[in-house]
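The next block holds one structure in the form of structure tokens; read it before the comments.
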Amino acid sequence: MKLLSVAVPCYNSQDYMEKCINSILVGGEDVEILIVDDGSTDKTAEIADKYERDYPKIVRAIHKENGGHGDAVNTGYRNATGKYFKVCDSDDWFDASAFKKVLKTLRELEEKNQEIDLLLANYVYDKVGRKKKKVMKYKGALPEKKIIGWNEDDIKFNKFQYVLMHSVIYRTQMLRDCGLKLPKHTFYVDNIYVFQPMVKVKKLMYLNVDLYHYFIGREGQSVNEQTMIKRIDQQLFINKVLIDFFSKNKELPKQKYKFMFQYLDMMMCVSSVMCIISGDKEKLKKKQQLWDYLKIKDKDLYHQLRRTIFGIWMNLPGKVGRFFSKTGYQVMQKVFGFN
């Protein structure tokens, strides 16, 4: 068994996938790299096959019909042979030094016959044109390099310690056991990937290393602001999936409930602010429909979320209210460096 499987979903990624794959090859034969070619029409498949020929003990090229990012992730973890599993998008990359520390930590767990369900590490908003890159750390939220459960009092995530797919390394079997199946041909499924398996996570550890470089600035990228506005229906769909799931899975340890509540709070904020900054009347109606959906689905959860800072901020009335919502978002955008 490999120590870690890393899936690299690729769709027409010929221009940047090699930087990504080379950064994972640093891990050597402890690592399995699954290059998932999601029906590409450029030279992605050719490049994947070459890596498999050159590194037969490390790289596997998997070719499939186009199903979108989520389906590529599904294919990755279904085919993984590693004890642990991570996703690295083909335009992102790992820091070499941090990656070696992650593997050393996972190795030590194996040697001690210990296992965890989740390893969290930092990620870097590597935004084009920004000299000082913002690092998303979890220092203060979790003790460092210590196996803990959700009943620990020293789990203290704040609203701005946002966990993305880029932060997480799951135990592969746990991921399978939770029955995760990301929808096909849908953007923003990484939010489901973080949210739903968290219900099954019992043991976790935080390693304070800047592992994942999250590249922001490629034209047409799904997290580009204008692209998100254009695809707002998909963002809202994912948001509703999270609402449905959480409303059925609220019997959780206190700290886990708080984490998932704050995650949903942030998602409601993201969906709402995209509708607001669009300035489009139809999208503003969709924002209201999202909050109405939540109210119908789970009235108690609706009232809880409406009373948070984000819930109040995203529902300020009238043009003046929307101006303050938009301005606040722009300030956060500058501070955190997201797109």
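Residue numbers start at 1 in each chain; chains themselves are named A, B, ... in the order of the structure tokens; ligands are numbered from 1 in the order shown.
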*asked:* Give me the residues near region 256-273 of chain A as a ChimeraX atom specification, where near means some atom within 9 Å (using only C-alpha atoms) and where sequence neighbours in that chain fewer than 2 positions away do not count.
replied: /A:150-151,155-160,162-163,191,195,198-199,232,235-236,239,242-243,246,250-254,275-278,284,286-288,290-291,301,305,308,310-311,313-315,322,325-326,329
Hey, what does DSSP flag as helix (DSSP H, G or I) within region 183-236 of chain A? Can you give it to me as a PDB file with C-alpha atoms, in the first residue's frame?
```pdb
ATOM      1  CA  ASP A 190     -14.959  21.085  -3.560  1.00  0.00           C
ATOM      2  CA  ASN A 191     -17.284  22.545  -0.920  1.00  0.00           C
ATOM      3  CA  ILE A 192     -19.177  19.246  -0.742  1.00  0.00           C
ATOM      4  CA  TYR A 193     -15.838  17.436  -0.583  1.00  0.00           C
ATOM      5  CA  VAL A 194     -14.877  19.324   2.565  1.00  0.00           C
ATOM      6  CA  PHE A 195     -18.328  19.421   4.168  1.00  0.00           C
ATOM      7  CA  PRO A 197     -16.974  13.729   4.929  1.00  0.00           C
ATOM      8  CA  MET A 198     -16.370  15.929   7.990  1.00  0.00           C
ATOM      9  CA  VAL A 199     -19.349  14.236   9.679  1.00  0.00           C
ATOM     10  CA  LYS A 200     -17.341  10.973   9.717  1.00  0.00           C
ATOM     11  CA  GLU A 225     -15.312  36.653  -9.782  1.00  0.00           C
ATOM     12  CA  GLN A 226     -17.040  37.203 -13.132  1.00  0.00           C
ATOM     13  CA  THR A 227     -17.055  33.471 -13.808  1.00  0.00           C
ATOM     14  CA  MET A 228     -18.679  32.821 -10.427  1.00  0.00           C
ATOM     15  CA  ILE A 229     -21.377  35.374 -11.182  1.00  0.00           C
ATOM     16  CA  LYS A 230     -21.975  33.783 -14.575  1.00  0.00           C
ATOM     17  CA  ILE A 232     -24.251  31.545  -9.912  1.00  0.00           C
ATOM     18  CA  ASP A 233     -26.900  28.837 -10.450  1.00  0.00           C
ATOM     19  CA  GLN A 234     -24.272  26.170  -9.813  1.00  0.00           C
ATOM     20  CA  GLN A 235     -23.006  27.982  -6.724  1.00  0.00           C
ATOM     21  CA  LEU A 236     -26.576  28.171  -5.405  1.00  0.00           C
TER      22      LEU A 236
END
```
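CA of Phe245 (chain A) is positioned 16.4 Å from CA of Asp177 (chain A).
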*Minimum-distance residue to Thr105 (chain A), chosen among A:Arg78, A:Lys146, A:Arg60, A:Lys133 (using only C-alpha atoms)*: A:Lys146
